[in-house]
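A.B. asks: If it helps, the file is called final.cif and holds mmCIF, C-alpha atoms:
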```cif
data_model
#
loop_
_atom_site.group_PDB
_atom_site.id
_atom_site.type_symbol
_atom_site.label_atom_id
_atom_site.label_comp_id
_atom_site.auth_asym_id
_atom_site.auth_seq_id
_atom_site.Cartn_x
_atom_site.Cartn_y
_atom_site.Cartn_z
ATOM 1 C CA MET Q 30 -16.060 52.924 9.517
ATOM 2 C CA CYS Q 31 -16.418 51.432 12.996
ATOM 3 C CA ALA Q 32 -15.645 53.322 16.190
ATOM 4 C CA GLU Q 33 -12.544 52.551 18.202
ATOM 5 C CA LEU Q 34 -13.179 49.767 20.713
ATOM 6 C CA ILE Q 35 -12.381 50.598 24.334
ATOM 7 C CA ASP Q 36 -10.762 47.435 25.661
ATOM 8 C CA GLY Q 37 -12.210 46.964 29.139
ATOM 9 C CA LYS Q 38 -10.833 43.445 29.323
ATOM 10 C CA GLY Q 39 -7.280 44.621 28.703
ATOM 11 C CA MET Q 40 -7.593 47.538 31.144
ATOM 12 C CA ALA Q 41 -9.006 45.208 33.778
ATOM 13 C CA LEU Q 42 -6.088 42.809 33.338
ATOM 14 C CA GLN Q 43 -3.665 45.673 33.938
ATOM 15 C CA LEU Q 44 -5.600 46.919 36.973
ATOM 16 C CA ARG Q 45 -5.705 43.440 38.498
ATOM 17 C CA GLY Q 46 -1.939 43.283 38.006
ATOM 18 C CA ASP Q 47 -1.589 46.574 39.887
ATOM 19 C CA VAL Q 48 -3.788 45.194 42.683
ATOM 20 C CA ALA Q 49 -1.706 42.004 42.895
ATOM 21 C CA HIS Q 50 1.450 44.110 43.143
ATOM 22 C CA GLY Q 51 -0.161 46.155 45.911
ATOM 23 C CA VAL Q 52 -1.130 42.993 47.812
ATOM 24 C CA ARG Q 53 2.467 41.725 47.635
ATOM 25 C CA GLU Q 54 3.787 45.067 48.870
ATOM 26 C CA LEU Q 55 1.323 45.076 51.750
ATOM 27 C CA ARG Q 56 2.265 41.581 52.849
ATOM 28 C CA GLY Q 57 5.916 42.631 52.779
ATOM 29 C CA LEU Q 58 5.263 45.203 55.485
ATOM 30 C CA SER Q 59 5.417 44.360 59.162
ATOM 31 C CA HIS Q 60 1.639 44.001 59.245
ATOM 32 C CA GLU Q 61 1.759 40.676 57.350
ATOM 33 C CA THR Q 62 -1.827 41.350 56.336
ATOM 34 C CA GLN Q 63 -3.635 39.604 53.489
ATOM 35 C CA PRO Q 64 -6.714 41.493 52.230
ATOM 36 C CA GLY Q 65 -9.907 39.473 52.459
ATOM 37 C CA LEU Q 66 -13.120 39.765 50.423
ATOM 38 C CA ALA Q 67 -16.344 38.122 51.594
ATOM 39 C CA VAL Q 68 -19.120 37.523 49.051
ATOM 40 C CA VAL Q 69 -22.611 36.541 50.197
ATOM 41 C CA LEU Q 70 -24.991 34.856 47.738
ATOM 42 C CA VAL Q 71 -28.637 34.292 48.631
ATOM 43 C CA GLY Q 72 -30.597 31.760 46.579
ATOM 44 C CA GLN Q 73 -29.754 30.068 43.296
ATOM 45 C CA ASN Q 74 -29.631 32.638 40.530
ATOM 46 C CA PRO Q 75 -27.554 31.085 37.708
ATOM 47 C CA ALA Q 76 -26.208 34.432 36.465
ATOM 48 C CA SER Q 77 -25.273 35.494 40.005
ATOM 49 C CA GLU Q 78 -23.608 32.140 40.677
ATOM 50 C CA VAL Q 79 -21.391 32.530 37.606
ATOM 51 C CA TYR Q 80 -20.517 36.081 38.615
ATOM 52 C CA VAL Q 81 -19.676 35.054 42.193
ATOM 53 C CA ARG Q 82 -17.439 32.200 40.998
ATOM 54 C CA SER Q 83 -15.586 34.640 38.757
ATOM 55 C CA LYS Q 84 -15.102 37.064 41.657
ATOM 56 C CA ALA Q 85 -13.787 34.291 43.904
ATOM 57 C CA ARG Q 86 -11.312 33.090 41.277
ATOM 58 C CA LEU Q 87 -9.977 36.570 40.522
ATOM 59 C CA THR Q 88 -9.783 37.420 44.240
ATOM 60 C CA ALA Q 89 -7.481 34.440 44.756
ATOM 61 C CA GLU Q 90 -5.452 35.284 41.638
ATOM 62 C CA VAL Q 91 -4.441 38.691 43.014
ATOM 63 C CA GLY Q 92 -3.366 37.133 46.324
ATOM 64 C CA MET Q 93 -6.370 38.005 48.469
ATOM 65 C CA THR Q 94 -8.343 35.684 50.709
ATOM 66 C CA SER Q 95 -11.756 34.822 49.314
ATOM 67 C CA PHE Q 96 -14.653 34.084 51.666
ATOM 68 C CA LYS Q 97 -17.860 32.758 50.108
ATOM 69 C CA TYR Q 98 -21.195 32.339 51.867
ATOM 70 C CA GLU Q 99 -24.152 30.678 50.123
ATOM 71 C CA LEU Q 100 -27.534 31.014 51.837
ATOM 72 C CA GLU Q 101 -30.877 29.422 50.988
ATOM 73 C CA GLU Q 102 -33.481 31.416 49.059
ATOM 74 C CA ASP Q 103 -35.809 31.458 52.073
ATOM 75 C CA VAL Q 104 -33.190 32.592 54.609
ATOM 76 C CA ALA Q 105 -34.655 34.942 57.227
ATOM 77 C CA GLU Q 106 -33.587 38.568 56.938
ATOM 78 C CA LYS Q 107 -32.422 38.537 60.578
ATOM 79 C CA ASP Q 108 -30.091 35.607 59.819
ATOM 80 C CA LEU Q 109 -28.570 37.434 56.861
ATOM 81 C CA LEU Q 110 -28.101 40.536 59.014
ATOM 82 C CA SER Q 111 -26.512 38.370 61.702
ATOM 83 C CA LEU Q 112 -23.980 37.031 59.178
ATOM 84 C CA ILE Q 113 -23.149 40.568 58.082
ATOM 85 C CA GLY Q 114 -22.597 41.522 61.713
ATOM 86 C CA GLN Q 115 -20.144 38.638 62.076
ATOM 87 C CA LEU Q 116 -18.278 39.703 58.941
ATOM 88 C CA ASN Q 117 -18.159 43.306 60.161
ATOM 89 C CA ARG Q 118 -16.344 42.074 63.285
ATOM 90 C CA ASN Q 119 -14.020 39.672 61.439
ATOM 91 C CA ARG Q 120 -10.602 41.354 61.197
ATOM 92 C CA GLU Q 121 -9.584 39.045 58.313
ATOM 93 C CA VAL Q 122 -12.421 40.437 56.169
ATOM 94 C CA HIS Q 123 -11.762 43.867 54.672
ATOM 95 C CA GLY Q 124 -14.489 43.909 52.030
ATOM 96 C CA ILE Q 125 -18.075 42.629 52.156
ATOM 97 C CA LEU Q 126 -20.285 42.223 49.104
ATOM 98 C CA VAL Q 127 -23.860 40.949 49.161
ATOM 99 C CA GLN Q 128 -24.788 39.847 45.654
ATOM 100 C CA LEU Q 129 -27.884 41.551 44.294
ATOM 101 C CA PRO Q 130 -30.742 41.063 43.604
ATOM 102 C CA LEU Q 131 -31.996 39.669 46.899
ATOM 103 C CA PRO Q 132 -35.266 37.720 47.353
ATOM 104 C CA GLU Q 133 -38.353 39.905 47.714
ATOM 105 C CA HIS Q 134 -38.833 39.130 51.422
ATOM 106 C CA ILE Q 135 -35.475 40.735 52.272
ATOM 107 C CA ASN Q 136 -35.071 44.510 52.522
ATOM 108 C CA ALA Q 137 -32.035 45.182 50.329
ATOM 109 C CA HIS Q 138 -31.561 48.707 51.731
ATOM 110 C CA ALA Q 139 -31.420 47.363 55.292
ATOM 111 C CA VAL Q 140 -28.888 44.720 54.277
ATOM 112 C CA ILE Q 141 -26.640 47.125 52.375
ATOM 113 C CA ASN Q 142 -26.648 49.667 55.190
ATOM 114 C CA ALA Q 143 -25.867 46.962 57.768
ATOM 115 C CA ILE Q 144 -22.437 46.541 56.162
ATOM 116 C CA ASP Q 145 -19.674 48.483 57.901
ATOM 117 C CA PRO Q 146 -19.106 51.489 55.549
ATOM 118 C CA GLU Q 147 -15.359 50.866 55.764
ATOM 119 C CA LYS Q 148 -15.942 47.359 54.360
ATOM 120 C CA ASP Q 149 -18.651 48.347 51.865
ATOM 121 C CA VAL Q 150 -16.538 47.707 48.768
ATOM 122 C CA ASP Q 151 -19.608 47.945 46.517
ATOM 123 C CA GLY Q 152 -19.982 51.550 47.682
ATOM 124 C CA PHE Q 153 -23.781 51.266 47.954
ATOM 125 C CA SER Q 154 -24.319 52.272 51.589
ATOM 126 C CA VAL Q 155 -25.879 55.611 52.467
ATOM 127 C CA SER Q 156 -22.652 56.549 54.211
ATOM 128 C CA ASN Q 157 -20.431 56.002 51.170
ATOM 129 C CA VAL Q 158 -22.954 57.546 48.767
ATOM 130 C CA GLY Q 159 -23.142 60.631 50.991
ATOM 131 C CA ARG Q 160 -19.384 60.949 51.274
ATOM 132 C CA LEU Q 161 -18.992 60.668 47.518
ATOM 133 C CA THR Q 162 -21.673 63.267 46.886
ATOM 134 C CA VAL Q 163 -20.100 65.893 49.155
ATOM 135 C CA GLY Q 164 -16.556 65.178 47.977
ATOM 136 C CA GLN Q 165 -15.226 63.275 50.983
ATOM 137 C CA LYS Q 166 -13.141 60.094 50.921
ATOM 138 C CA ALA Q 167 -15.429 57.163 50.124
ATOM 139 C CA LEU Q 168 -15.513 53.685 48.667
ATOM 140 C CA VAL Q 169 -16.874 54.356 45.174
ATOM 141 C CA PRO Q 170 -19.385 52.043 43.429
ATOM 142 C CA CYS Q 171 -17.403 49.682 41.231
ATOM 143 C CA THR Q 172 -19.210 49.985 37.896
ATOM 144 C CA PRO Q 173 -19.149 53.811 37.726
ATOM 145 C CA LEU Q 174 -15.545 53.773 38.948
ATOM 146 C CA GLY Q 175 -14.601 51.353 36.162
ATOM 147 C CA CYS Q 176 -16.399 53.496 33.585
ATOM 148 C CA LEU Q 177 -14.502 56.556 34.787
ATOM 149 C CA GLN Q 178 -11.155 54.773 34.474
ATOM 150 C CA MET Q 179 -11.925 53.857 30.860
ATOM 151 C CA LEU Q 180 -12.916 57.435 30.080
ATOM 152 C CA ARG Q 181 -9.770 58.805 31.702
ATOM 153 C CA ARG Q 182 -7.621 56.349 29.756
ATOM 154 C CA HIS Q 183 -9.273 57.303 26.464
ATOM 155 C CA HIS Q 184 -9.580 61.060 26.897
ATOM 156 C CA GLY Q 185 -7.011 62.033 29.477
ATOM 157 C CA SER Q 186 -8.675 65.108 30.952
ATOM 158 C CA LEU Q 187 -12.485 65.118 30.925
ATOM 159 C CA SER Q 188 -12.749 68.741 32.020
ATOM 160 C CA GLY Q 189 -15.273 70.775 30.048
ATOM 161 C CA LEU Q 190 -16.772 67.830 28.173
ATOM 162 C CA SER Q 191 -20.544 67.389 27.919
ATOM 163 C CA ALA Q 192 -21.720 64.103 29.431
ATOM 164 C CA VAL Q 193 -25.148 62.481 29.280
ATOM 165 C CA VAL Q 194 -25.967 59.595 31.625
ATOM 166 C CA VAL Q 195 -29.045 57.653 30.543
ATOM 167 C CA GLY Q 196 -30.327 55.970 33.689
ATOM 168 C CA ARG Q 197 -30.784 57.200 37.253
ATOM 169 C CA SER Q 198 -30.245 54.109 39.387
ATOM 170 C CA ASN Q 199 -28.501 54.321 42.744
ATOM 171 C CA ILE Q 200 -26.021 51.689 41.570
ATOM 172 C CA VAL Q 201 -24.829 53.291 38.316
ATOM 173 C CA GLY Q 202 -26.621 56.380 37.047
ATOM 174 C CA LYS Q 203 -26.479 58.682 40.056
ATOM 175 C CA PRO Q 204 -22.903 57.887 41.182
ATOM 176 C CA MET Q 205 -21.723 58.030 37.556
ATOM 177 C CA ALA Q 206 -23.088 61.556 37.272
ATOM 178 C CA THR Q 207 -21.374 62.515 40.530
ATOM 179 C CA LEU Q 208 -18.014 61.176 39.333
ATOM 180 C CA LEU Q 209 -18.312 63.035 36.036
ATOM 181 C CA LEU Q 210 -19.137 66.258 37.896
ATOM 182 C CA ARG Q 211 -16.013 65.667 39.968
ATOM 183 C CA GLU Q 212 -14.062 65.568 36.679
ATOM 184 C CA ASN Q 213 -15.522 68.979 35.708
ATOM 185 C CA CYS Q 214 -17.858 67.630 33.043
ATOM 186 C CA THR Q 215 -21.173 69.310 32.307
ATOM 187 C CA VAL Q 216 -23.588 66.520 33.186
ATOM 188 C CA THR Q 217 -27.151 65.717 32.162
ATOM 189 C CA ILE Q 218 -29.032 62.790 33.726
ATOM 190 C CA ALA Q 219 -31.698 61.438 31.372
ATOM 191 C CA HIS Q 220 -34.296 58.776 32.123
ATOM 192 C CA SER Q 221 -37.615 57.257 31.086
ATOM 193 C CA GLN Q 222 -39.501 60.533 31.510
ATOM 194 C CA THR Q 223 -37.014 62.656 29.554
ATOM 195 C CA GLN Q 224 -38.539 64.411 26.567
ATOM 196 C CA ASP Q 225 -36.766 64.123 23.199
ATOM 197 C CA LEU Q 226 -34.123 61.832 24.622
ATOM 198 C CA ALA Q 227 -32.464 61.255 21.262
ATOM 199 C CA ALA Q 228 -31.774 64.974 20.803
ATOM 200 C CA ILE Q 229 -30.241 65.228 24.272
ATOM 201 C CA CYS Q 230 -28.008 62.209 23.629
ATOM 202 C CA ARG Q 231 -26.740 63.711 20.366
ATOM 203 C CA LYS Q 232 -25.287 66.687 22.244
ATOM 204 C CA ALA Q 233 -23.024 64.508 24.397
ATOM 205 C CA ASP Q 234 -19.266 64.206 24.075
ATOM 206 C CA ILE Q 235 -19.625 61.285 26.527
ATOM 207 C CA LEU Q 236 -22.714 59.070 26.538
ATOM 208 C CA VAL Q 237 -23.160 56.534 29.343
ATOM 209 C CA ALA Q 238 -26.003 54.062 28.750
ATOM 210 C CA ALA Q 239 -27.309 52.402 31.918
ATOM 211 C CA VAL Q 240 -31.011 51.738 31.370
ATOM 212 C CA GLY Q 241 -31.142 47.937 31.387
ATOM 213 C CA LYS Q 242 -32.953 47.702 28.046
ATOM 214 C CA PRO Q 243 -31.315 45.860 25.140
ATOM 215 C CA ASN Q 244 -30.411 48.001 22.121
ATOM 216 C CA PHE Q 245 -32.292 50.964 23.603
ATOM 217 C CA ILE Q 246 -29.822 53.615 22.387
ATOM 218 C CA GLN Q 247 -29.856 53.807 18.578
ATOM 219 C CA GLY Q 248 -26.890 54.785 16.444
ATOM 220 C CA ASP Q 249 -28.442 58.018 15.192
ATOM 221 C CA TRP Q 250 -28.858 59.151 18.820
ATOM 222 C CA ILE Q 251 -25.084 59.458 19.071
ATOM 223 C CA GLY Q 252 -23.223 62.597 18.096
ATOM 224 C CA HIS Q 253 -20.391 62.237 15.606
ATOM 225 C CA GLY Q 254 -17.203 61.185 17.388
ATOM 226 C CA ALA Q 255 -18.774 60.802 20.846
ATOM 227 C CA THR Q 256 -17.435 58.302 23.380
ATOM 228 C CA VAL Q 257 -20.031 55.684 24.362
ATOM 229 C CA ILE Q 258 -19.857 53.657 27.576
ATOM 230 C CA ASP Q 259 -22.390 50.813 27.441
ATOM 231 C CA VAL Q 260 -23.121 49.575 30.963
ATOM 232 C CA GLY Q 261 -25.959 47.266 29.912
ATOM 233 C CA ILE Q 262 -25.639 43.480 30.186
ATOM 234 C CA ASN Q 263 -28.817 41.941 28.794
ATOM 235 C CA ARG Q 264 -29.332 38.237 28.170
ATOM 236 C CA VAL Q 265 -31.309 37.820 24.970
ATOM 237 C CA THR Q 266 -32.430 34.455 23.621
ATOM 238 C CA GLU Q 267 -32.547 33.937 19.869
ATOM 239 C CA GLY Q 268 -35.559 32.216 18.402
ATOM 240 C CA GLN Q 269 -39.101 31.984 19.689
ATOM 241 C CA GLN Q 270 -40.585 30.937 23.047
ATOM 242 C CA GLY Q 271 -37.267 31.318 24.846
ATOM 243 C CA ILE Q 272 -35.639 28.509 22.871
ATOM 244 C CA GLY Q 273 -32.292 29.067 21.221
ATOM 245 C CA LYS Q 274 -28.864 30.530 21.823
ATOM 246 C CA THR Q 275 -28.499 33.131 24.583
ATOM 247 C CA ASN Q 276 -26.399 36.195 23.821
ATOM 248 C CA LEU Q 277 -25.214 39.097 25.950
ATOM 249 C CA ILE Q 278 -25.936 42.493 24.436
ATOM 250 C CA GLY Q 279 -25.763 46.019 25.737
ATOM 251 C CA ASP Q 280 -28.146 48.940 26.066
ATOM 252 C CA VAL Q 281 -26.690 50.401 22.859
ATOM 253 C CA ASP Q 282 -27.375 49.086 19.359
ATOM 254 C CA PHE Q 283 -23.709 48.353 18.811
ATOM 255 C CA LYS Q 284 -23.735 47.927 15.026
ATOM 256 C CA SER Q 285 -25.421 51.240 14.263
ATOM 257 C CA ALA Q 286 -23.584 53.044 17.089
ATOM 258 C CA CYS Q 287 -20.230 52.171 15.556
ATOM 259 C CA ARG Q 288 -21.069 54.288 12.508
ATOM 260 C CA HIS Q 289 -21.438 57.425 14.646
ATOM 261 C CA ALA Q 290 -19.324 57.085 17.788
ATOM 262 C CA GLY Q 291 -15.630 57.838 17.993
ATOM 263 C CA ALA Q 292 -15.096 55.150 20.632
ATOM 264 C CA ILE Q 293 -17.338 52.575 22.294
ATOM 265 C CA THR Q 294 -17.163 49.797 24.870
ATOM 266 C CA PRO Q 295 -18.154 46.325 23.622
ATOM 267 C CA VAL Q 296 -20.563 43.973 25.409
ATOM 268 C CA PRO Q 297 -19.208 41.698 26.687
ATOM 269 C CA GLY Q 298 -15.588 42.730 27.261
ATOM 270 C CA GLY Q 299 -16.112 46.351 28.239
ATOM 271 C CA VAL Q 300 -17.559 47.555 31.531
ATOM 272 C CA GLY Q 301 -18.017 44.101 33.114
ATOM 273 C CA PRO Q 302 -14.328 43.173 33.568
ATOM 274 C CA MET Q 303 -13.553 46.648 34.891
ATOM 275 C CA THR Q 304 -16.307 46.350 37.498
ATOM 276 C CA ILE Q 305 -14.707 43.265 39.034
ATOM 277 C CA ALA Q 306 -11.211 44.773 38.834
ATOM 278 C CA CYS Q 307 -12.440 47.876 40.684
ATOM 279 C CA LEU Q 308 -14.040 45.654 43.328
ATOM 280 C CA LEU Q 309 -10.614 44.142 44.003
ATOM 281 C CA ALA Q 310 -9.034 47.600 44.017
ATOM 282 C CA ASN Q 311 -11.635 48.792 46.530
ATOM 283 C CA THR Q 312 -10.873 45.797 48.763
ATOM 284 C CA LEU Q 313 -7.163 46.620 48.808
ATOM 285 C CA THR Q 314 -7.977 50.276 49.526
ATOM 286 C CA ALA Q 315 -10.291 49.244 52.381
ATOM 287 C CA CYS Q 316 -7.544 47.053 53.825
ATOM 288 C CA HIS Q 317 -5.044 49.935 53.729
ATOM 289 C CA ARG Q 318 -7.497 52.245 55.477
ATOM 290 C CA SER Q 319 -8.230 49.645 58.183
ATOM 291 C CA LEU Q 320 -4.508 49.654 58.991
ATOM 292 C CA GLY Q 321 -4.240 53.440 59.009
ATOM 293 C CA LEU Q 322 -2.131 53.424 55.839
ATOM 294 C CA ASP Q 323 -2.328 55.805 52.902
ATOM 295 C CA ASP Q 324 -4.418 54.617 49.968
ATOM 296 C CA PRO Q 325 -2.535 52.334 47.540
ATOM 297 C CA VAL Q 326 -0.619 54.317 44.942
ATOM 298 C CA GLY Q 327 -1.971 54.187 41.380
ATOM 299 C CA LEU Q 328 -5.339 52.590 42.113
ATOM 300 C CA PRO Q 329 -8.657 54.258 41.221
ATOM 301 C CA VAL Q 330 -10.468 56.110 44.017
#
```
So, in terms of structure tokens, how does the structure I just supplied come out?
C.D. replies:
Amino acid sequence: MCAELIDGKGMALQLRGDVAHGVRELRGLSHETQPGLAVVLVGQNPASEVYVRSKARLTAEVGMTSFKYELEEDVAEKDLLSLIGQLNRNREVHGILVQLPLPEHINAHAVINAIDPEKDVDGFSVSNVGRLTVGQKALVPCTPLGCLQMLRRHHGSLSGLSAVVVGRSNIVGKPMATLLLRENCTVTIAHSQTQDLAAICRKADILVAAVGKPNFIQGDWIGHGATVIDVGINRVTEGQQGIGKTNLIGDVDFKSACRHAGAITPVPGGVGPMTIACLLANTLTACHRSLGLDDPVGLPV
């Protein structure tokens, strides 16, 4: 028997509808403001280009203004920082996202922290990470926020559940653990140096896989009836010598996991759509805050 599929695509569609409704309500106020999202892409990474096009299309669909900036691979760091400074000062831009990864000659930490924290809709800046950690109002990283929304929808209350996060990145693992702590889960962060990882995973009511390794989590690592959130998006080419069809697979061996888990997110169609939907939600929230308004009702924070 296969586990229940958690429909990230369907949840994302609903969330984008809520964002679009919020944009219409905002424009109906005396402010006549249209939220704006600026996306900066450096270089020609095919996967990033596809992702950026998708963001731009969905930004326009919910009624926001989409700003797109494409820079050459060899752009000087000072020129990228100058562009960010311009966007920080642009009152029509309420969210700024610099697509990662950046070329090696650019300091990603410097770029991320140059973004105005109130426009940092990715939630990666030291300011937003710090606020989140100490329980203050912050813009929350989109992927962990999307994962949390799926868990809330499936479980209702998460209080008292045991959660294991496999992966300790600043983008997913660490903020995911913080969000789960905020929900009163008992949280374990596991990683490459964890001893007897399989045994630790089996104890989890909630297992979040964010290691970036295809099929890393095996089915028999999953406790009976556990909820599995697979953050991994790995491009794997069938055949030899990189020739053949390219598939997207997660960090969890989906086929074997289905025999143990109670519910699981598919790849694709799980975490990915929710990440983009939460980016749009964060942009609307940032716009509200820039105007001194309360946060939009019903959106994830």
A.B. asks: Sorted by chain and rising residue number, list the residues of stretch 44-81 of chain Q at most 7 Å from stretch 87-98 of chain Q (counting all atoms listed in the file), each with its closest atom pair and distance in Å to one decimal, as JSON lines.
C.D. replies:
```
{"residue": "Q:Arg45", "atom": "CA", "partner": "Q:Val91", "partner_atom": "CA", "distance": 6.7}
{"residue": "Q:Val48", "atom": "CA", "partner": "Q:Val91", "partner_atom": "CA", "distance": 6.5}
{"residue": "Q:Ala49", "atom": "CA", "partner": "Q:Val91", "partner_atom": "CA", "distance": 4.3}
{"residue": "Q:Val52", "atom": "CA", "partner": "Q:Gly92", "partner_atom": "CA", "distance": 6.4}
{"residue": "Q:Gln63", "atom": "CA", "partner": "Q:Met93", "partner_atom": "CA", "distance": 5.9}
{"residue": "Q:Pro64", "atom": "CA", "partner": "Q:Met93", "partner_atom": "CA", "distance": 5.1}
{"residue": "Q:Gly65", "atom": "CA", "partner": "Q:Thr94", "partner_atom": "CA", "distance": 4.5}
{"residue": "Q:Leu66", "atom": "CA", "partner": "Q:Ser95", "partner_atom": "CA", "distance": 5.2}
{"residue": "Q:Ala67", "atom": "CA", "partner": "Q:Phe96", "partner_atom": "CA", "distance": 4.4}
{"residue": "Q:Val68", "atom": "CA", "partner": "Q:Lys97", "partner_atom": "CA", "distance": 5.0}
{"residue": "Q:Val69", "atom": "CA", "partner": "Q:Tyr98", "partner_atom": "CA", "distance": 4.7}
{"residue": "Q:Leu70", "atom": "CA", "partner": "Q:Tyr98", "partner_atom": "CA", "distance": 6.1}
```
A.B. asks: Counting only C-alpha atoms, which residues of stretch 109-205 of chain Q sit at most 9 Å from some atom of stretch 250-261 of chain Q, and what is each one's closest atom pair with its distance in Å to one decimal, listed by chain and rising residue number, as CSV?
C.D. replies:
```
residue,atom,partner,partner_atom,distance
Q:Thr172,CA,Q:Val260,CA,8.0
Q:Pro173,CA,Q:Val260,CA,8.9
Q:Cys176,CA,Q:Ile258,CA,6.9
Q:Met179,CA,Q:Ile258,CA,8.6
Q:Leu180,CA,Q:Thr256,CA,8.1
Q:His183,CA,Q:Thr256,CA,8.8
Q:Val201,CA,Q:Val260,CA,8.4
```
A.B. asks: Keeping only C-alpha atoms, write the selected residues to a file as a tab-separated table (two decimals), keeping the file's coordinate frame.
C.D. replies:
```tsv
chain	number	residue	atom	x	y	z
Q	172	THR	CA	-19.21	49.98	37.90
Q	173	PRO	CA	-19.15	53.81	37.73
Q	176	CYS	CA	-16.40	53.50	33.58
Q	179	MET	CA	-11.92	53.86	30.86
Q	180	LEU	CA	-12.92	57.44	30.08
Q	183	HIS	CA	-9.27	57.30	26.46
Q	201	VAL	CA	-24.83	53.29	38.32
```
A.B. asks: The residues within 7 Å of (-18.2, 63.7, 45.6), using all atoms listed in the file and the coordinates of the file, should be reported as a VMD selection string; which are they?
C.D. replies: chain Q and resid 160 to 165 207 to 208 211
A.B. asks: Set the distance at 8 Å and use only C-alpha atoms: which residues neighbour Q:Ile113 once local chain neighbours fewer than 3 positions away are removed? I'd like the list as a ChimeraX atom specification.
C.D. replies: /Q:109-110,116-117,143-144
A.B. asks: To one decimal place, how far is atom CA of Q:Gln115 from atom CA of Q:Pro170 in Å?
C.D. replies: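 About the pair atom CA of Q:Gln115 and atom CA of Q:Pro170: they are 23.0 Å apart.
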A.B. asks: Selected by the PyMOL selection byres ((chain Q and resi 137) around 12) in the shown coordinates: which residues, as a short mmCIF file (atom, residue, chain, number, x, y, z; two decimals) with C-alpha atoms, in the coordinates of the input?
C.D. replies:
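File produced: part.cif:
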```cif
data_model
loop_
_atom_site.label_atom_id
_atom_site.label_comp_id
_atom_site.auth_asym_id
_atom_site.auth_seq_id
_atom_site.Cartn_x
_atom_site.Cartn_y
_atom_site.Cartn_z
CA VAL Q 71 -28.64 34.29 48.63
CA GLU Q 106 -33.59 38.57 56.94
CA LEU Q 109 -28.57 37.43 56.86
CA LEU Q 110 -28.10 40.54 59.01
CA VAL Q 127 -23.86 40.95 49.16
CA GLN Q 128 -24.79 39.85 45.65
CA LEU Q 129 -27.88 41.55 44.29
CA PRO Q 130 -30.74 41.06 43.60
CA LEU Q 131 -32.00 39.67 46.90
CA PRO Q 132 -35.27 37.72 47.35
CA GLU Q 133 -38.35 39.90 47.71
CA HIS Q 134 -38.83 39.13 51.42
CA ILE Q 135 -35.48 40.74 52.27
CA ASN Q 136 -35.07 44.51 52.52
CA HIS Q 138 -31.56 48.71 51.73
CA ALA Q 139 -31.42 47.36 55.29
CA VAL Q 140 -28.89 44.72 54.28
CA ILE Q 141 -26.64 47.12 52.38
CA ASN Q 142 -26.65 49.67 55.19
CA ALA Q 143 -25.87 46.96 57.77
CA ILE Q 144 -22.44 46.54 56.16
CA PHE Q 153 -23.78 51.27 47.95
CA SER Q 154 -24.32 52.27 51.59
#
```
A.B. asks: Take atom CA of Q:Arg231 and atom CA of Q:Pro243 and report the distance between them in Å, one decimal.
C.D. replies: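 Separation between atom CA of Q:Arg231 and atom CA of Q:Pro243: 19.0 Å.
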A.B. asks: When you look at Q:Ile200 with a cut-off of 10 Å (counting all atoms listed in the file), what residues show up, excluding the ones that are within fewer than 3 positions of it in the same chain? I need them as an MDAnalysis selection string.
C.D. replies: chainID Q and resid 151:153 158 170:173 196:197 203:205 239
A.B. asks: Please produce a file of the residues just selected, as a compact mmCIF listing (two decimals), in the frame of the given file, where the atoms kept are C-alpha atoms.
C.D. replies:
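For reference, selection07.txt as written:
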```txt
# COMPACT_ATOMS: atom_id res chain seq x y z
CA ASP Q 151 -19.61 47.94 46.52
CA GLY Q 152 -19.98 51.55 47.68
CA PHE Q 153 -23.78 51.27 47.95
CA VAL Q 158 -22.95 57.55 48.77
CA PRO Q 170 -19.39 52.04 43.43
CA CYS Q 171 -17.40 49.68 41.23
CA THR Q 172 -19.21 49.98 37.90
CA PRO Q 173 -19.15 53.81 37.73
CA GLY Q 196 -30.33 55.97 33.69
CA ARG Q 197 -30.78 57.20 37.25
CA LYS Q 203 -26.48 58.68 40.06
CA PRO Q 204 -22.90 57.89 41.18
CA MET Q 205 -21.72 58.03 37.56
CA ALA Q 239 -27.31 52.40 31.92
```
A.B. asks: Give me, please, the distance in Å between atom CA of Q:Cys316 and atom CA of Q:Ile125, quoted to one decimal.
C.D. replies: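 Interatomic distance here is 11.5 Å.
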A.B. asks: When distances are computed from all atoms listed in the file, which of Q:Val281, Q:Leu322, Q:Pro329, Q:Ala228 shows the smallest separation from Q:Pro295?
C.D. replies: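 Ranked by minimum distance to Q:Pro295, first place goes to Q:Val281.
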A.B. asks: Using only C-alpha atoms, can you tell me which of Q:Val169, Q:Ile218, Q:Leu328, Q:Leu236 comes closest to Q:Asp149?
C.D. replies: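 So, comparing all the options, the nearest one is Q:Val169.
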A.B. asks: Assuming 3 Å of padding per side, give the centre and edge lengths of the axis-aligned box around every listed atom of stretch 107-125 of chain Q, in Å to one decimal and as AutoDock Vina command-line options.
C.D. replies:
```
--center_x -21.0 --center_y 39.8 --center_z 57.7 --size_x 28.8 --size_y 14.3 --size_z 17.3
```
A.B. asks: Carefully work through the PyMOL selection byres ((chain Q and resi 34) around 7) for this structure and note down the residues it includes, as JSON, numbers by chain.
C.D. replies: {"Q": [32, 33, 35, 36, 292, 293, 294, 295]}
A.B. asks: Now that the selection is made, can you save its residues with C-alpha atoms as a CSV table (one decimal), in the coordinates of the input?
C.D. replies:
```csv
chain,number,residue,atom,x,y,z
Q,32,ALA,CA,-15.6,53.3,16.2
Q,33,GLU,CA,-12.5,52.6,18.2
Q,35,ILE,CA,-12.4,50.6,24.3
Q,36,ASP,CA,-10.8,47.4,25.7
Q,292,ALA,CA,-15.1,55.2,20.6
Q,293,ILE,CA,-17.3,52.6,22.3
Q,294,THR,CA,-17.2,49.8,24.9
Q,295,PRO,CA,-18.2,46.3,23.6
```
A.B. asks: For each of Q:Lys166, Q:Arg86, Q:His184, Q:His220, take the minimum atom-to-atom distance to Q:Val330, counting only C-alpha atoms, then give the residue where this is smallest.
C.D. replies: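 Checking each of Q:Lys166, Q:Arg86, Q:His184, Q:His220 against Q:Val330, counting only C-alpha atoms, the winner is Q:Lys166.
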